[in-house]
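Structure file target-v7.csv with CSV, C-alpha atoms:
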chain,number,residue,atom,x,y,z
A,1,MET,CA,-106.4,1.3,48.3
A,2,SER,CA,-108.9,-0.5,46.1
A,3,THR,CA,-106.6,-0.1,43.0
A,4,ALA,CA,-103.7,-1.5,45.0
A,5,ASN,CA,-105.9,-4.5,46.0
A,6,ASN,CA,-107.0,-5.0,42.4
A,7,SER,CA,-103.5,-5.0,41.2
A,8,ALA,CA,-102.4,-7.5,43.9
A,9,ASN,CA,-105.3,-9.7,43.0
A,10,LEU,CA,-104.5,-9.6,39.3
A,11,LYS,CA,-100.9,-10.4,40.0
A,12,GLY,CA,-102.0,-13.4,42.1
A,13,LEU,CA,-104.3,-14.5,39.3
A,14,GLN,CA,-101.5,-14.1,36.8
A,15,SER,CA,-99.1,-16.2,38.9
A,16,ALA,CA,-101.8,-18.9,39.4
A,17,MET,CA,-102.5,-18.9,35.6
A,18,ASN,CA,-98.8,-19.1,34.7
A,19,ARG,CA,-98.4,-22.1,37.0
A,20,PHE,CA,-101.5,-23.7,35.5
A,21,ARG,CA,-100.4,-23.0,31.9
A,22,VAL,CA,-97.0,-24.7,32.5
A,23,MET,CA,-98.6,-27.7,34.1
A,24,ALA,CA,-101.3,-27.9,31.4
A,25,ILE,CA,-98.7,-27.9,28.6
A,26,TRP,CA,-96.6,-30.5,30.5
A,27,CYS,CA,-99.6,-32.7,31.2
A,28,GLY,CA,-100.8,-32.4,27.5
A,29,VAL,CA,-97.4,-33.6,26.3
A,30,MET,CA,-97.3,-36.4,28.8
A,31,SER,CA,-100.9,-37.4,27.9
A,32,LEU,CA,-100.0,-37.5,24.2
A,33,LEU,CA,-97.0,-39.7,25.0
A,34,LEU,CA,-99.1,-41.9,27.2
A,35,TRP,CA,-102.0,-42.4,24.8
A,36,PHE,CA,-100.0,-42.6,21.6
A,37,VAL,CA,-96.7,-44.1,22.6
A,38,ASN,CA,-96.9,-46.0,25.9
A,39,VAL,CA,-100.3,-47.6,25.6
A,40,PRO,CA,-100.0,-48.8,21.9
A,41,THR,CA,-96.5,-50.1,22.3
A,42,HIS,CA,-97.2,-51.9,25.6
A,43,TYR,CA,-100.4,-53.6,24.4
A,44,LEU,CA,-99.9,-54.0,20.6
A,45,ILE,CA,-96.1,-54.3,20.0
A,46,PHE,CA,-94.4,-55.6,23.2
A,47,LYS,CA,-97.6,-57.1,24.7
A,48,GLY,CA,-96.3,-56.7,28.2
A,49,SER,CA,-92.9,-58.4,27.5
A,50,HIS,CA,-90.9,-55.1,27.6
A,51,HIS,CA,-91.3,-51.9,29.5
A,52,TYR,CA,-89.3,-49.4,27.5
A,53,PHE,CA,-92.0,-46.7,27.8
A,54,THR,CA,-93.3,-47.3,31.3
A,55,TRP,CA,-91.5,-44.2,32.5
A,56,ILE,CA,-94.1,-42.2,30.6
A,57,ALA,CA,-97.0,-43.5,32.8
A,58,LEU,CA,-94.9,-43.0,35.9
A,59,VAL,CA,-93.9,-39.4,35.1
A,60,HIS,CA,-97.5,-38.6,34.0
A,61,GLY,CA,-98.8,-40.2,37.2
A,62,PHE,CA,-96.4,-38.2,39.4
A,63,THR,CA,-97.0,-34.9,37.7
A,64,TYR,CA,-100.8,-35.1,37.3
A,65,PRO,CA,-101.5,-34.3,41.0
A,66,ILE,CA,-99.4,-31.1,40.6
A,67,TYR,CA,-101.6,-30.2,37.6
A,68,VAL,CA,-104.7,-30.9,39.7
A,69,LEU,CA,-103.5,-28.6,42.4
A,70,ALA,CA,-102.5,-25.9,39.9
A,71,ALA,CA,-105.8,-26.1,38.1
A,72,PHE,CA,-107.8,-26.0,41.4
A,73,HIS,CA,-105.9,-22.9,42.6
A,74,TYR,CA,-106.2,-21.2,39.2
A,75,CYS,CA,-110.0,-21.9,39.2
A,76,LEU,CA,-110.4,-20.4,42.7
A,77,LYS,CA,-108.5,-17.3,41.8
A,78,ALA,CA,-110.4,-16.9,38.5
A,79,ARG,CA,-113.7,-17.3,40.4
A,80,LYS,CA,-114.8,-20.2,38.2
A,81,SER,CA,-117.9,-22.3,39.0
A,82,PHE,CA,-117.4,-25.7,40.6
A,83,ASN,CA,-118.4,-27.5,37.4
A,84,SER,CA,-115.9,-25.5,35.4
A,85,THR,CA,-113.2,-26.4,38.0
A,86,ILE,CA,-114.0,-30.1,37.5
A,87,MET,CA,-113.7,-29.7,33.7
A,88,PHE,CA,-110.3,-28.0,34.1
A,89,ILE,CA,-109.1,-30.8,36.4
A,90,LEU,CA,-110.3,-33.5,34.1
A,91,ALA,CA,-108.7,-31.8,31.1
A,92,GLY,CA,-105.3,-33.1,32.4
A,93,THR,CA,-106.4,-36.7,31.6
A,94,LEU,CA,-107.1,-36.2,27.9
A,95,PRO,CA,-104.3,-35.6,25.3
A,96,VAL,CA,-105.5,-32.3,23.8
A,97,ALA,CA,-108.0,-31.1,26.4
A,98,SER,CA,-105.3,-29.6,28.6
A,99,PHE,CA,-103.9,-27.5,25.7
A,100,ILE,CA,-107.5,-26.2,25.1
A,101,ALA,CA,-107.8,-25.4,28.8
A,102,GLU,CA,-104.4,-23.6,28.7
A,103,ARG,CA,-105.5,-21.5,25.7
A,104,ARG,CA,-108.8,-20.6,27.3
A,105,ALA,CA,-107.2,-19.5,30.5
A,106,LEU,CA,-104.8,-17.3,28.6
A,107,ALA,CA,-107.7,-15.8,26.5
A,108,GLU,CA,-109.8,-15.1,29.6
A,109,PHE,CA,-106.9,-13.4,31.4
A,110,ARG,CA,-106.2,-11.2,28.3
A,111,ALA,CA,-109.8,-10.3,28.1
A,112,LEU,CA,-109.8,-9.3,31.8
A,113,THR,CA,-106.7,-7.1,31.5
A,114,LYS,CA,-107.7,-5.4,28.2
B,1,MET,CA,-131.0,-17.3,69.7
B,2,ARG,CA,-131.4,-18.0,66.1
B,3,ILE,CA,-130.8,-21.6,64.9
B,4,ARG,CA,-129.7,-21.8,61.2
B,5,ARG,CA,-131.7,-24.4,59.4
B,6,ILE,CA,-129.8,-26.6,57.0
B,7,SER,CA,-131.8,-27.2,53.8
B,8,ARG,CA,-132.4,-30.6,52.4
B,9,SER,CA,-130.5,-29.8,49.3
B,10,THR,CA,-127.4,-29.0,51.4
B,11,ILE,CA,-127.7,-32.2,53.2
B,12,SER,CA,-128.1,-34.2,50.0
B,13,LYS,CA,-125.1,-32.5,48.4
B,14,ALA,CA,-123.0,-33.2,51.4
B,15,VAL,CA,-124.1,-36.9,51.4
B,16,VAL,CA,-123.3,-37.2,47.7
B,17,ALA,CA,-119.9,-35.5,48.2
B,18,LEU,CA,-119.2,-37.9,51.1
B,19,LEU,CA,-120.2,-41.0,49.0
B,20,ILE,CA,-118.0,-39.9,46.1
B,21,ALA,CA,-115.1,-39.2,48.4
B,22,LEU,CA,-115.5,-42.6,50.0
B,23,VAL,CA,-115.3,-44.2,46.6
B,24,PHE,CA,-112.1,-42.3,45.8
B,25,VAL,CA,-110.7,-43.3,49.2
B,26,GLU,CA,-111.5,-46.9,48.5
B,27,LEU,CA,-109.9,-46.7,45.1
B,28,GLY,CA,-106.8,-45.3,46.8
B,29,ILE,CA,-106.8,-48.2,49.3
B,30,TRP,CA,-107.2,-50.7,46.4
B,31,GLN,CA,-104.1,-49.2,44.7
B,32,LEU,CA,-102.2,-49.3,48.0
B,33,HIS,CA,-102.9,-53.0,48.2
B,34,ARG,CA,-101.8,-53.4,44.6
B,35,ALA,CA,-98.6,-51.6,45.5
B,36,GLN,CA,-98.1,-53.9,48.5
B,37,ASP,CA,-98.7,-57.0,46.3
B,38,VAL,CA,-96.1,-55.8,43.8
B,39,ASN,CA,-93.7,-55.2,46.6
B,40,LYS,CA,-94.3,-58.7,48.0
B,41,ALA,CA,-94.1,-60.4,44.6
B,42,GLY,CA,-90.6,-59.0,44.1
B,43,LYS,CA,-89.4,-60.4,47.4
B,44,ILE,CA,-90.0,-64.1,47.0
B,45,THR,CA,-87.8,-66.3,49.1
B,46,VAL,CA,-88.1,-70.0,48.7
B,47,SER,CA,-86.4,-72.6,50.8
B,48,LYS,CA,-83.9,-74.7,48.9
B,49,ASP,CA,-84.6,-77.8,51.1
B,50,VAL,CA,-86.5,-80.6,49.5
B,51,ALA,CA,-89.6,-81.2,51.5
B,52,LYS,CA,-92.0,-84.2,51.5
B,53,LEU,CA,-95.1,-83.4,49.6
B,54,GLU,CA,-97.4,-84.4,52.4
B,55,ASP,CA,-95.5,-82.2,54.9
B,56,ILE,CA,-96.2,-78.9,53.0
B,57,SER,CA,-99.6,-79.6,51.2
B,58,SER,CA,-102.7,-81.8,51.6
B,59,ALA,CA,-104.7,-83.7,49.0
B,60,GLY,CA,-108.1,-82.2,48.3
B,61,ALA,CA,-107.1,-78.7,49.6
B,62,ASN,CA,-105.8,-75.6,48.0
B,63,LEU,CA,-102.0,-75.4,47.7
B,64,PRO,CA,-100.8,-73.2,50.6
B,65,PRO,CA,-99.0,-70.0,49.3
B,66,SER,CA,-95.9,-71.0,51.4
B,67,ALA,CA,-95.7,-74.3,49.5
B,68,ALA,CA,-95.6,-72.9,46.0
B,69,ASN,CA,-92.2,-73.0,44.3
B,70,ARG,CA,-90.9,-75.5,46.9
B,71,MET,CA,-88.8,-78.5,45.9
B,72,VAL,CA,-90.7,-81.6,46.9
B,73,GLU,CA,-90.3,-85.3,46.8
B,74,MET,CA,-92.8,-88.1,46.6
B,75,SER,CA,-93.1,-91.7,45.7
B,76,GLY,CA,-95.8,-93.6,43.9
B,77,ARG,CA,-96.9,-95.1,40.6
B,78,TYR,CA,-97.9,-93.4,37.4
B,79,VAL,CA,-101.5,-94.3,36.6
B,80,LYS,CA,-102.5,-92.0,33.7
B,81,ALA,CA,-100.7,-90.1,31.0
B,82,PHE,CA,-101.7,-86.9,29.3
B,83,SER,CA,-100.1,-84.3,27.0
B,84,ALA,CA,-100.2,-80.6,27.6
B,85,PRO,CA,-99.8,-78.7,24.3
B,86,ASN,CA,-98.6,-75.2,23.8
B,87,GLN,CA,-97.0,-74.8,27.2
B,88,LEU,CA,-94.3,-72.1,27.5
B,89,VAL,CA,-90.9,-73.7,28.4
B,90,VAL,CA,-88.0,-71.5,29.7
B,91,ARG,CA,-85.1,-71.6,27.2
B,92,GLY,CA,-82.2,-69.2,27.9
B,93,ASN,CA,-83.6,-65.7,28.4
B,94,GLY,CA,-87.0,-66.5,26.7
B,95,THR,CA,-89.7,-69.1,26.4
B,96,THR,CA,-90.7,-71.4,23.7
B,97,PRO,CA,-94.0,-73.3,23.3
B,98,ALA,CA,-93.8,-77.1,23.6
B,99,THR,CA,-96.0,-80.1,24.2
B,100,LEU,CA,-95.4,-81.5,27.7
B,101,GLU,CA,-95.8,-85.0,29.0
B,102,VAL,CA,-97.9,-85.0,32.1
B,103,ARG,CA,-98.6,-88.0,34.3
B,104,LEU,CA,-100.8,-88.6,37.2
B,105,LEU,CA,-98.8,-90.1,40.1
B,106,LYS,CA,-100.7,-92.2,42.5
B,107,ILE,CA,-99.4,-91.9,46.0
B,108,SER,CA,-100.2,-94.1,49.0
B,109,GLY,CA,-103.6,-93.4,50.6
B,110,ASP,CA,-105.4,-93.0,47.3
B,111,ARG,CA,-103.9,-89.6,46.7
B,112,GLY,CA,-102.6,-88.2,43.4
B,113,ILE,CA,-100.7,-85.4,41.9
B,114,LEU,CA,-99.9,-84.2,38.3
B,115,VAL,CA,-96.3,-84.5,37.4
B,116,VAL,CA,-94.8,-82.8,34.3
B,117,ARG,CA,-92.1,-85.3,33.2
B,118,GLY,CA,-90.7,-83.1,30.4
B,119,ILE,CA,-91.2,-82.5,26.7
B,120,GLU,CA,-93.3,-85.2,25.2
B,121,ASN,CA,-91.5,-87.9,23.2
B,122,THR,CA,-92.9,-89.5,20.1
B,123,LYS,CA,-92.1,-92.8,21.7
B,124,PHE,CA,-94.3,-93.5,24.8
B,125,GLN,CA,-92.2,-94.6,27.8
B,126,THR,CA,-93.9,-97.4,29.8
B,127,LEU,CA,-93.4,-96.9,33.6
B,128,THR,CA,-95.2,-99.6,35.6
B,129,GLU,CA,-92.9,-99.7,38.7
B,130,ASP,CA,-93.0,-97.4,41.7
B,131,VAL,CA,-91.0,-94.2,41.1
B,132,LYS,CA,-89.5,-91.6,43.3
B,133,VAL,CA,-90.0,-88.0,42.0
B,134,VAL,CA,-88.1,-84.9,43.0
B,135,GLY,CA,-89.3,-81.6,41.5
B,136,ARG,CA,-90.7,-78.1,42.0
B,137,ILE,CA,-94.4,-77.6,42.9
B,138,TYR,CA,-96.4,-74.8,41.3
B,139,PRO,CA,-99.9,-73.4,41.7
B,140,ARG,CA,-102.4,-74.7,39.1
B,141,GLN,CA,-102.7,-72.8,35.9
B,142,THR,CA,-105.8,-70.8,35.5
B,143,SER,CA,-105.8,-70.0,31.8
B,144,ASP,CA,-106.0,-72.4,28.9
B,145,LYS,CA,-103.0,-72.8,26.6
B,146,SER,CA,-104.6,-75.0,24.0
B,147,GLN,CA,-107.9,-76.2,22.6
B,148,PRO,CA,-109.4,-79.3,24.3
B,149,SER,CA,-108.8,-82.5,22.4
B,150,GLY,CA,-108.5,-86.2,23.2
B,151,ASN,CA,-106.1,-87.0,26.0
B,152,SER,CA,-104.6,-83.5,26.2
B,153,LEU,CA,-104.8,-81.0,29.0
B,154,THR,CA,-105.6,-77.5,28.0
B,155,ARG,CA,-103.8,-76.2,31.2
B,156,LEU,CA,-101.9,-77.7,34.1
B,157,ASP,CA,-104.7,-78.0,36.5
B,158,PRO,CA,-105.7,-81.1,38.5
B,159,GLY,CA,-109.3,-80.0,38.3
B,160,LEU,CA,-109.3,-81.2,34.6
B,161,VAL,CA,-108.5,-84.8,35.6
B,162,THR,CA,-111.0,-85.2,38.5
B,163,GLY,CA,-113.4,-86.9,36.0
B,164,VAL,CA,-111.0,-89.7,35.1
B,165,THR,CA,-109.7,-90.7,38.5
B,166,LYS,CA,-111.1,-91.4,42.0
B,167,LEU,CA,-107.9,-90.3,43.7
B,168,SER,CA,-107.9,-87.4,46.0
B,169,LEU,CA,-105.8,-84.9,44.2
B,170,TYR,CA,-103.1,-82.4,45.4
B,171,ASP,CA,-103.6,-78.9,44.1
B,172,GLY,CA,-101.0,-77.6,41.6
B,173,TYR,CA,-98.5,-79.6,39.7
B,174,VAL,CA,-94.9,-80.7,39.9
B,175,ILE,CA,-92.2,-80.3,37.3
B,176,ALA,CA,-90.0,-83.3,37.8
B,177,GLN,CA,-86.3,-82.7,37.9
B,178,LEU,CA,-85.3,-86.2,39.0
B,179,GLU,CA,-87.1,-89.6,38.7
B,180,SER,CA,-85.7,-92.8,40.0
B,181,THR,CA,-86.9,-96.4,40.5
B,182,THR,CA,-87.2,-97.8,44.0
B,183,TYR,CA,-83.7,-99.4,43.4
B,184,GLY,CA,-82.3,-95.9,42.9
B,185,LEU,CA,-81.9,-96.1,39.1
B,186,GLY,CA,-82.4,-92.8,37.4
B,187,ILE,CA,-85.2,-92.6,34.8
B,188,ARG,CA,-84.4,-90.5,31.7
B,189,ALA,CA,-86.8,-88.0,30.2
B,190,ASN,CA,-86.6,-84.8,28.2
B,191,ARG,CA,-86.6,-82.6,31.3
B,192,ILE,CA,-87.6,-79.0,31.3
B,193,PRO,CA,-86.3,-76.3,33.7
B,194,ALA,CA,-88.3,-75.6,36.8
B,195,PRO,CA,-87.5,-72.0,37.7
B,196,ILE,CA,-89.0,-70.2,40.6
B,197,GLN,CA,-92.2,-68.7,39.4
B,198,ILE,CA,-92.8,-65.0,40.3
B,199,SER,CA,-96.4,-64.2,40.4
B,200,LYS,CA,-97.2,-61.4,37.9
B,201,VAL,CA,-98.9,-58.6,39.5
B,202,ALA,CA,-99.3,-55.9,36.9
B,203,GLY,CA,-97.6,-52.5,37.3
B,204,TYR,CA,-94.8,-51.0,39.3
B,205,TYR,CA,-94.7,-50.1,43.0
B,206,TRP,CA,-94.3,-46.3,42.5
B,207,GLN,CA,-96.9,-46.2,39.8
B,208,HIS,CA,-99.5,-47.6,42.2
B,209,ILE,CA,-98.4,-45.2,44.9
B,210,THR,CA,-99.0,-42.4,42.5
B,211,TYR,CA,-102.5,-43.6,41.9
B,212,VAL,CA,-103.1,-43.8,45.7
B,213,PHE,CA,-102.0,-40.1,45.9
B,214,ILE,CA,-104.2,-39.1,43.0
B,215,TRP,CA,-107.4,-40.9,44.3
B,216,TRP,CA,-107.0,-39.4,47.8
B,217,LEU,CA,-106.3,-36.0,46.4
B,218,LEU,CA,-109.5,-36.2,44.4
B,219,ALA,CA,-111.4,-37.4,47.5
B,220,LEU,CA,-110.1,-34.3,49.3
B,221,LEU,CA,-111.2,-32.1,46.4
B,222,VAL,CA,-114.7,-33.6,46.5
B,223,LEU,CA,-114.9,-33.1,50.2
B,224,SER,CA,-114.0,-29.4,49.6
B,225,ALA,CA,-116.9,-29.1,47.2
B,226,PRO,CA,-119.5,-27.9,49.7
B,227,PHE,CA,-117.1,-25.1,50.8
B,228,TYR,CA,-116.0,-24.3,47.3
B,229,ASN,CA,-118.1,-21.1,46.8
B,230,ARG,CA,-116.9,-19.7,50.2
B,231,LEU,CA,-113.3,-20.6,49.4
B,232,ARG,CA,-113.6,-18.9,46.0
B,233,ASP,CA,-115.1,-15.7,47.4
B,234,LYS,CA,-112.2,-15.6,49.9
B,235,MET,CA,-109.4,-16.3,47.4
B,236,GLY,CA,-110.9,-15.0,44.1
B,237,ALA,CA,-109.1,-12.2,42.3

Please re-express this file's structure in structure tokens.
Amino acid sequence: MSTANNSANLKGLQSAMNRFRVMAIWCGVMSLLLWFVNVPTHYLIFKGSHHYFTWIALVHGFTYPIYVLAAFHYCLKARKSFNSTIMFILAGTLPVASFIAERRALAEFRALTK
Amino acid sequence: MRIRRISRSTISKAVVALLIALVFVELGIWQLHRAQDVNKAGKITVSKDVAKLEDISSAGANLPPSAANRMVEMSGRYVKAFSAPNQLVVRGNGTTPATLEVRLLKISGDRGILVVRGIENTKFQTLTEDVKVVGRIYPRQTSDKSQPSGNSLTRLDPGLVTGVTKLSLYDGYVIAQLESTTYGLGIRANRIPAPIQISKVAGYYWQHITYVFIWWLLALLVLSAPFYNRLRDKMGA
């Protein structure tokens, strides 16, 4: 019974982690585009006169809440501390941080299933 | 019956969580208002009728939002002339900087309003008779377009000429489209277009709505903080 429970819990954790990993990679890419394409072109090149890359901010804005929910769910499943959960959520706002969070989640899961 | 005592640290944590959540809710409301502003700014409808200036605005008072962008007419005499350098003038699809000729029109009852006659000519046009002006009225400019010098206006703002006249001034300024003498003779000038000015509220409607959702989601997460450990123990793998 206990083994069956463990297996179900692990499966749940893996699903949550996979969802988190997808959203972390997506948010990382969108953050890179936001910080290094949208913001510099808007303020330094077009200076507000054109909005060719505004879609980046829009898409990032719409998908970040999904990342937040995925990160929160993963952290609950992985039994992370509240501070750690906050860090995982904030990782979605910085260009490279979400990639690091994704790698860490994967490493922790592999260590758990070894 | 046992009564469970709530520790001070629990209460302080709950208060802090509540305060942070309130800040996030407020930020969401702020973004919601921004979204509403963007929505309103894109739906400007301006009456095409020419109104009398005194019917839609009053001297010495702020320009009512409903009066901005209206076509207005007024009669009076020019009493002062200024130039306004580096003003952006609509040309085709873009804008070009130009020095504008601005005059102070004295209207009956010791009132006055700034009138942009057009692009400044090298030859000064003397206008001593009464004139009738038809043009579009705009809110005063709030940012300087040039450095202060001599008789020039750094921006189109009646506040800048209060020191040189005793007239009670109307807020905003008018870009003249037609000028005529009291006999009905048209007065020529290097006119500039007077398009309807859409107030620039930064951002897009859906972008602000997204931020509303994010702030409120964060507020919800903060509110869940006091129950986080219980939730984790229940859901944890």

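Atom to atom, CA of Val131 (chain B) and CA of Val89 (chain B) stand 24.1 Å apart.
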
Take every atom of region 78-83 of chain A listed in the file, pad by 4 Å on each side, and give me the axis-aligned box centre and edge lengths in Å, one decimal, as AutoDock Vina command-line options.
--center_x -114.4 --center_y -22.2 --center_z 39.0 --size_x 16.0 --size_y 18.6 --size_z 11.2

Quick one: contact table of chain A to chain B, 12 Å max, nearest atom pair and distance in Å to one decimal per residue, counting only C-alpha atoms, chain and number order, as CSV?
residue,atom,partner,partner_atom,distance
A:Asn5,CA,B:Ala237,CA,9.1
A:Asn6,CA,B:Ala237,CA,7.5
A:Ser7,CA,B:Ala237,CA,9.2
A:Ala8,CA,B:Ala237,CA,8.3
A:Asn9,CA,B:Ala237,CA,4.6
A:Leu10,CA,B:Ala237,CA,6.1
A:Lys11,CA,B:Ala237,CA,8.7
A:Gly12,CA,B:Ala237,CA,7.2
A:Leu13,CA,B:Ala237,CA,6.1
A:Gln14,CA,B:Ala237,CA,9.6
A:Ser15,CA,B:Ala237,CA,11.3
A:Ala16,CA,B:Ala237,CA,10.3
A:Met17,CA,B:Ala237,CA,11.5
A:His42,CA,B:Gly203,CA,11.7
A:Gly48,CA,B:Ala202,CA,9.2
A:Ser49,CA,B:Gly94,CA,10.1
A:His51,CA,B:Gly203,CA,10.0
A:Thr54,CA,B:Tyr204,CA,8.9
A:Trp55,CA,B:Gln207,CA,9.3
A:Ile56,CA,B:Gln207,CA,10.4
A:Ala57,CA,B:Gln207,CA,7.5
A:Leu58,CA,B:Gln207,CA,5.4
A:Val59,CA,B:Gln207,CA,8.8
A:His60,CA,B:Thr210,CA,9.4
A:Gly61,CA,B:Thr210,CA,5.7
A:Phe62,CA,B:Thr210,CA,5.8
A:Thr63,CA,B:Thr210,CA,9.1
A:Tyr64,CA,B:Ile214,CA,7.7
A:Pro65,CA,B:Ile214,CA,5.9
A:Ile66,CA,B:Ile214,CA,9.6
A:Tyr67,CA,B:Ile214,CA,10.7
A:Val68,CA,B:Leu218,CA,8.6
A:Leu69,CA,B:Leu217,CA,8.9
A:Ala71,CA,B:Leu221,CA,11.6
A:Phe72,CA,B:Leu221,CA,8.6
A:His73,CA,B:Met235,CA,8.9
A:Tyr74,CA,B:Gly236,CA,9.2
A:Cys75,CA,B:Arg232,CA,8.3
A:Leu76,CA,B:Arg232,CA,4.8
A:Lys77,CA,B:Gly236,CA,4.0
A:Ala78,CA,B:Gly236,CA,5.9
A:Arg79,CA,B:Gly236,CA,5.2
A:Lys80,CA,B:Arg232,CA,8.0
A:Ser81,CA,B:Asn229,CA,7.9
A:Phe82,CA,B:Tyr228,CA,7.0
A:Asn83,CA,B:Ala225,CA,10.0
A:Ser84,CA,B:Tyr228,CA,12.0
A:Thr85,CA,B:Tyr228,CA,9.9
A:Ile86,CA,B:Leu221,CA,9.5
A:Ile89,CA,B:Leu218,CA,9.7
A:Leu90,CA,B:Leu218,CA,10.7
A:Thr93,CA,B:Ile214,CA,11.9
A:Phe109,CA,B:Ala237,CA,11.2
A:Leu112,CA,B:Ala237,CA,10.9

Checklist line | Nearest candidate to Met71 (chain B) (options B:Asn86, B:Gln177, B:Gln147, B:Asn190; using all atoms listed in the file) | finding: B:Gln177

Notebook entry, point to check: Just how far from CA of Val96 (chain A) is CA of Leu32 (chain A), in Å to one decimal?
Noted result: 7.6 Å

Margin query: Which residue is closest to Thr162 (chain B)? Choose from B:Leu185, B:Val23, B:Val16, B:Ile113 and count only C-alpha atoms.
Written below: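 Going through B:Leu185, B:Val23, B:Val16, B:Ile113 one by one, the smallest distance to Thr162 (chain B) is for B:Ile113.
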
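Computed from the coordinates, the CA of Leu32 (chain B) to CA of Gln141 (chain B) distance equals 26.4 Å.
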
Check: Smallest atom-to-atom distance to Trp26 (chain A): which of A:Thr41, A:Phe99, A:Met87, A:Leu106, using all atoms listed in the file?
Finding: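 Smallest separation from Trp26 (chain A) among the options: A:Phe99.
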